[in-house]
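Enquirer: What follows is the file model.txt, containing compact mmCIF, C-alpha atoms:
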```txt
# COMPACT_ATOMS: atom_id res chain seq x y z
CA LYS A 1 80.19 100.48 108.42
CA ALA A 2 82.40 103.14 109.96
CA GLY A 3 85.80 103.65 108.39
CA VAL A 4 89.21 103.79 109.99
CA THR A 5 89.40 106.52 112.59
CA GLN A 6 92.51 108.21 113.88
CA THR A 7 92.92 110.49 116.85
CA PRO A 8 93.96 113.15 117.23
CA ARG A 9 93.81 114.65 113.75
CA TYR A 10 96.34 117.37 114.47
CA LEU A 11 99.10 117.58 117.03
CA ILE A 12 101.84 120.04 117.85
CA LYS A 13 104.77 118.94 120.00
CA THR A 14 108.24 120.21 120.78
CA ARG A 15 111.55 118.45 120.28
CA GLY A 16 112.33 115.87 122.93
CA GLN A 17 108.71 115.18 123.82
CA GLN A 18 106.93 111.95 123.13
CA VAL A 19 103.61 111.38 121.38
CA THR A 20 101.00 108.64 121.15
CA LEU A 21 98.70 108.30 118.17
CA SER A 22 95.61 106.13 118.12
CA CYS A 23 93.91 104.15 115.38
CA SER A 24 90.59 102.31 115.42
CA PRO A 25 90.25 99.90 112.49
CA ILE A 26 87.13 99.01 110.59
CA SER A 27 84.98 96.65 112.62
CA GLY A 28 86.11 93.06 112.02
CA HIS A 29 89.52 94.01 110.65
CA ARG A 30 92.39 92.39 112.51
CA SER A 31 95.42 93.82 110.71
CA VAL A 32 96.57 97.37 111.32
CA SER A 33 99.49 99.03 109.56
CA TRP A 34 101.10 102.42 110.07
CA TYR A 35 102.73 104.66 107.48
CA GLN A 36 104.60 107.95 107.63
CA GLN A 37 104.08 110.47 104.84
CA THR A 38 106.49 113.39 104.34
CA PRO A 39 107.16 115.62 101.33
CA GLY A 40 110.77 114.47 101.18
CA GLN A 41 110.51 110.73 101.80
CA GLY A 42 106.98 110.07 100.58
CA LEU A 43 104.97 107.22 102.06
CA GLN A 44 106.99 104.84 104.18
CA PHE A 45 105.87 101.73 106.03
CA LEU A 46 106.38 101.81 109.79
CA PHE A 47 104.94 98.54 111.09
CA GLU A 48 102.05 96.10 110.89
CA TYR A 49 100.17 94.38 113.68
CA PHE A 50 97.96 91.34 113.45
CA SER A 51 96.27 89.74 116.44
CA GLU A 52 98.32 91.87 118.83
CA THR A 53 101.62 90.73 117.28
CA GLN A 54 103.98 92.81 115.18
CA ARG A 55 104.25 91.06 111.81
CA ASN A 56 106.45 93.44 109.88
CA LYS A 57 108.59 96.43 110.70
CA GLY A 58 109.93 99.13 108.43
CA ASN A 59 113.31 100.81 108.57
CA PHE A 60 112.70 103.29 111.37
CA PRO A 61 114.65 103.86 114.57
CA GLY A 62 113.59 102.31 117.84
CA ARG A 63 112.02 105.61 118.92
CA PHE A 64 109.05 104.50 116.85
CA SER A 65 107.01 101.77 118.49
CA GLY A 66 103.51 100.45 118.39
CA ARG A 67 101.11 98.02 119.86
CA GLN A 68 97.75 96.46 119.17
CA PHE A 69 95.05 95.67 121.68
CA SER A 70 92.70 92.70 121.83
CA ASN A 71 89.96 94.75 120.16
CA SER A 72 92.36 95.42 117.23
CA ARG A 73 92.76 99.09 118.09
CA SER A 74 96.32 100.20 117.69
CA GLU A 75 98.59 102.90 119.04
CA MET A 76 101.93 104.13 117.87
CA ASN A 77 104.39 106.00 120.02
CA VAL A 78 107.27 108.22 119.07
CA SER A 79 109.69 109.09 121.84
CA THR A 80 112.26 111.89 121.91
CA LEU A 81 110.69 113.73 119.01
CA GLU A 82 112.89 115.27 116.34
CA LEU A 83 112.01 117.98 113.84
CA GLY A 84 112.16 115.37 111.07
CA ASP A 85 109.31 113.45 112.68
CA SER A 86 106.90 116.11 111.45
CA ALA A 87 104.66 114.19 109.08
CA LEU A 88 101.24 112.82 108.32
CA TYR A 89 100.88 109.47 110.06
CA LEU A 90 98.44 107.16 108.34
CA CYS A 91 96.84 104.08 109.76
CA ALA A 92 95.39 101.36 107.54
CA SER A 93 93.35 98.32 108.40
CA SER A 94 92.59 95.13 106.52
CA LEU A 95 90.49 92.09 107.12
CA ALA A 96 93.31 89.63 107.73
CA ALA A 97 96.99 89.19 107.11
CA ALA A 98 96.44 87.16 103.93
CA GLY A 99 99.84 87.48 102.33
CA GLY A 100 99.70 90.90 100.77
CA ARG A 101 96.62 90.70 98.57
CA GLU A 102 94.30 92.27 101.10
CA THR A 103 93.01 95.76 100.49
CA GLN A 104 94.16 98.19 103.11
CA TYR A 105 91.70 100.89 104.08
CA PHE A 106 93.28 104.11 105.22
CA GLY A 107 92.23 106.56 107.87
CA PRO A 108 92.42 110.35 107.44
CA GLY A 109 95.75 110.52 109.24
CA THR A 110 97.21 112.43 112.15
CA ARG A 111 99.27 115.45 111.19
CA LEU A 112 102.14 115.89 113.63
CA LEU A 113 104.16 119.07 113.76
CA VAL A 114 107.33 119.08 115.84
CA LEU A 115 108.66 122.50 116.80
CA ALA B 1 113.16 93.71 97.79
CA GLN B 2 110.34 95.56 96.13
CA SER B 3 110.24 99.02 94.64
CA VAL B 4 107.89 101.21 92.65
CA THR B 5 108.74 104.02 90.25
CA GLN B 6 106.17 106.53 89.12
CA LEU B 7 107.32 108.50 86.11
CA GLY B 8 106.30 112.13 86.33
CA SER B 9 105.70 113.73 89.69
CA HIS B 10 103.27 116.15 88.03
CA VAL B 11 100.93 115.48 85.13
CA SER B 12 98.62 118.09 83.63
CA VAL B 13 95.74 117.27 81.30
CA SER B 14 92.76 119.14 79.93
CA GLU B 15 89.28 118.23 81.03
CA GLY B 16 88.00 115.48 78.76
CA ALA B 17 91.48 114.32 77.75
CA LEU B 18 93.02 110.92 78.38
CA VAL B 19 94.68 110.40 81.73
CA LEU B 20 97.79 108.19 81.77
CA LEU B 21 99.78 107.79 84.98
CA ARG B 22 102.81 105.53 84.76
CA CYS B 23 103.96 102.95 87.29
CA ASN B 24 106.79 100.45 87.02
CA TYR B 25 107.56 97.96 89.73
CA SER B 26 110.33 95.68 90.80
CA SER B 27 109.55 92.56 92.77
CA SER B 28 111.28 89.26 93.36
CA VAL B 29 107.95 87.52 93.91
CA PRO B 30 104.67 87.73 91.98
CA PRO B 31 103.41 91.13 93.01
CA TYR B 32 100.12 92.47 94.18
CA LEU B 33 99.70 95.97 92.79
CA PHE B 34 97.51 98.82 93.92
CA TRP B 35 96.58 102.33 92.87
CA TYR B 36 95.45 104.74 95.57
CA VAL B 37 94.26 108.35 95.30
CA GLN B 38 94.74 111.05 97.92
CA TYR B 39 92.75 114.26 98.02
CA PRO B 40 94.06 117.22 100.04
CA ASN B 41 94.01 116.67 103.79
CA GLN B 42 92.64 113.17 103.43
CA GLY B 43 93.87 109.61 103.66
CA LEU B 44 94.31 107.23 100.77
CA GLN B 45 91.42 105.73 98.85
CA LEU B 46 91.80 102.54 96.84
CA LEU B 47 91.13 102.95 93.11
CA LEU B 48 91.92 99.40 92.02
CA LYS B 49 94.16 96.42 92.65
CA TYR B 50 95.78 93.56 90.76
CA THR B 51 95.97 90.21 92.53
CA SER B 52 96.94 87.85 89.67
CA ALA B 53 93.48 87.40 88.18
CA ALA B 54 92.62 89.43 85.05
CA THR B 55 95.47 91.58 83.79
CA LEU B 56 93.12 94.45 82.93
CA VAL B 57 91.68 95.76 86.15
CA LYS B 58 88.76 98.14 86.36
CA GLY B 59 88.40 100.42 89.32
CA ILE B 60 86.24 103.18 90.65
CA ASN B 61 85.50 106.51 88.98
CA GLY B 62 86.22 105.15 85.48
CA PHE B 63 89.87 104.28 86.09
CA GLU B 64 91.52 101.11 84.90
CA ALA B 65 95.02 99.67 84.84
CA GLU B 66 96.74 96.92 82.89
CA PHE B 67 99.31 94.60 84.41
CA LYS B 68 102.12 93.89 81.94
CA LYS B 69 104.60 91.44 83.37
CA SER B 70 107.02 91.72 80.44
CA GLU B 71 107.26 95.47 80.97
CA THR B 72 106.93 95.30 84.80
CA SER B 73 104.32 98.02 84.46
CA PHE B 74 100.92 98.82 85.90
CA HIS B 75 99.90 102.10 84.30
CA LEU B 76 96.66 103.83 85.31
CA THR B 77 94.36 105.24 82.67
CA LYS B 78 91.05 107.05 82.37
CA PRO B 79 89.56 107.90 78.97
CA SER B 80 88.22 111.32 79.90
CA ALA B 81 89.51 113.48 82.74
CA HIS B 82 87.15 115.33 85.02
CA MET B 83 87.96 118.28 87.22
CA SER B 84 87.23 116.13 90.27
CA ASP B 85 90.11 113.81 89.29
CA ALA B 86 92.66 116.41 90.39
CA ALA B 87 94.50 114.73 93.25
CA GLU B 88 97.67 112.82 94.03
CA TYR B 89 97.91 109.23 92.84
CA PHE B 90 100.08 106.53 94.35
CA CYS B 91 101.07 103.18 92.93
CA ALA B 92 102.01 100.53 95.49
CA VAL B 93 103.25 96.96 95.57
CA SER B 94 103.05 94.28 98.21
CA GLY B 95 104.56 90.84 98.30
CA SER B 96 103.61 87.72 100.12
CA ALA B 97 104.80 88.73 103.57
CA GLY B 98 101.96 90.44 105.34
CA ASN B 99 100.38 93.70 104.39
CA MET B 100 103.41 95.91 103.89
CA LEU B 101 102.90 98.30 100.99
CA THR B 102 105.82 99.88 99.16
CA PHE B 103 104.70 103.10 97.50
CA GLY B 104 105.94 105.05 94.54
CA GLY B 105 106.70 108.72 94.92
CA GLY B 106 103.26 109.78 93.75
CA THR B 107 101.97 111.72 90.75
CA ARG B 108 100.03 114.91 91.19
CA LEU B 109 97.35 115.14 88.52
CA MET B 110 96.15 118.58 87.51
CA VAL B 111 93.08 118.98 85.30
CA LYS B 112 92.72 122.19 83.30
CA PRO B 113 89.28 123.46 82.32
```
Please express what this file holds, its structure, as structure tokens.
Expert:
Amino acid sequence: KAGVTQTPRYLIKTRGQQVTLSCSPISGHRSVSWYQQTPGQGLQFLFEYFSETQRNKGNFPGRFSGRQFSNSRSEMNVSTLELGDSALYLCASSLAAAGGRETQYFGPGTRLLVL
Amino acid sequence: AQSVTQLGSHVSVSEGALVLLRCNYSSSVPPYLFWYVQYPNQGLQLLLKYTSAATLVKGINGFEAEFKKSETSFHLTKPSAHMSDAAEYFCAVSGSAGNMLTFGGGTRLMVKP
């Protein structure tokens, strides 16, 4: 079974631009979560989607948004990019939103560099 | 609120030596605990997880961890380190509300020949 895929793998943008990242979960998985990884802040939860609905949201500004489609694929969008948005963005999928005990399977990430 | 503390951002061991990576958690609800490993330029791979069954959890690649509620700890161990174990290790906790993981700061394991 194919793993979690993320596109693109690498991205360079300039301040003020916006960016859309894509995540395809493992077949059959309905929950998709997004995380930001930076050297300074570590791994931080952005948001989780289940059946096209946002279940949880982390402590990020409204410039960060996401959505999930009926086939469980998910996108996240960052508008008005800032230098501090440079990070590795990781997507994770799990079988169902079963109250926290589900294993989340991570994709390879999208590395975003904001210049 | 939940939090995870990993003591030691860098740990160095000799090949064949015991690996011990420390993780302490704070959670207001019975926690689910996870250890993930990250190799350079890759995502996270699950090593093992605790979901309130056996307190000693065995994972992949010879790793295991013991849940100790009285110490709020979930330390990761491996009896004999291998060069291929060099990577960054993350301890994480989730509660009962969805699949939100709270991660520790990570421990970079270095294995000396």
Enquirer: When you draw a straight line from CA of Thr53 (chain A) to CA of Pro31 (chain B), how long is it in Å?
Expert: 24.3 Å
Enquirer: What's the separation between CA of Val93 (chain B) and CA of Phe34 (chain B), in Å to one decimal place?
Expert: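 So the answer is 6.3 Å.
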Enquirer: Sort by chain and increasing residue number a table of all residues of chain A within 9 Å of chain B, each with its closest pair of atoms and their distance in Å to one decimal, counting all atoms listed in the file, and write it as CSV.
Expert:
```
residue,atom,partner,partner_atom,distance
A:Ser31,CA,B:Asn99,CA,8.0
A:Val32,CA,B:Asn99,CA,8.7
A:Ser33,CA,B:Asn99,CA,7.5
A:Gln41,CA,B:Gly105,CA,8.1
A:Gly42,CA,B:Gly105,CA,5.8
A:Leu43,CA,B:Phe103,CA,6.2
A:Gln44,CA,B:Thr102,CA,7.2
A:Phe45,CA,B:Met100,CA,6.7
A:Leu46,CA,B:Met100,CA,8.9
A:Phe47,CA,B:Met100,CA,7.8
A:Glu48,CA,B:Asn99,CA,7.1
A:Arg55,CA,B:Gly98,CA,6.9
A:Asn56,CA,B:Gly98,CA,7.1
A:Lys57,CA,B:Met100,CA,8.6
A:Gly58,CA,B:Met100,CA,8.6
A:Leu90,CA,B:Gly43,CA,7.0
A:Cys91,CA,B:Gly43,CA,8.8
A:Ser94,CA,B:Asn99,CA,8.2
A:Ala96,CA,B:Asn99,CA,8.8
A:Ala97,CA,B:Gly98,CA,5.4
A:Ala98,CA,B:Gly98,CA,6.6
A:Gly99,CA,B:Ser96,CA,4.4
A:Gly100,CA,B:Asn99,CA,4.6
A:Arg101,CA,B:Tyr32,CA,5.9
A:Glu102,CA,B:Asn99,CA,7.1
A:Thr103,CA,B:Leu46,CA,7.8
A:Gln104,CA,B:Asn99,CA,7.8
A:Tyr105,CA,B:Gln45,CA,7.1
A:Phe106,CA,B:Leu44,CA,5.5
A:Gly107,CA,B:Gly43,CA,5.5
A:Pro108,CA,B:Gly43,CA,4.1
A:Gly109,CA,B:Gly43,CA,6.0
```
Enquirer: CA of Glu66 (chain B) to CA of Ala54 (chain B): how many Å, to one decimal?
Expert: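 For CA of Glu66 (chain B) relative to CA of Ala54 (chain B), the distance reads 8.8 Å.
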Enquirer: Do you know which residues are at most 9 Å from Arg30 (chain A) counting all atoms listed in the file, after dropping those on the same chain fewer than 2 positions away, and could you put them as a ChimeraX atom specification?
Expert: /A:25-28,32,49-52,71-73,93-97
Enquirer: Output as JSON the centre and edge lengths (Å, one decimal) of the box along x, y and z of the file that holds every listed atom of region 76-80 of chain A after adding 4 Å on each side.
Expert:
```
{"center_x": 107.1, "center_y": 108.0, "center_z": 119.9, "size_x": 18.3, "size_y": 15.8, "size_z": 12.0}
```
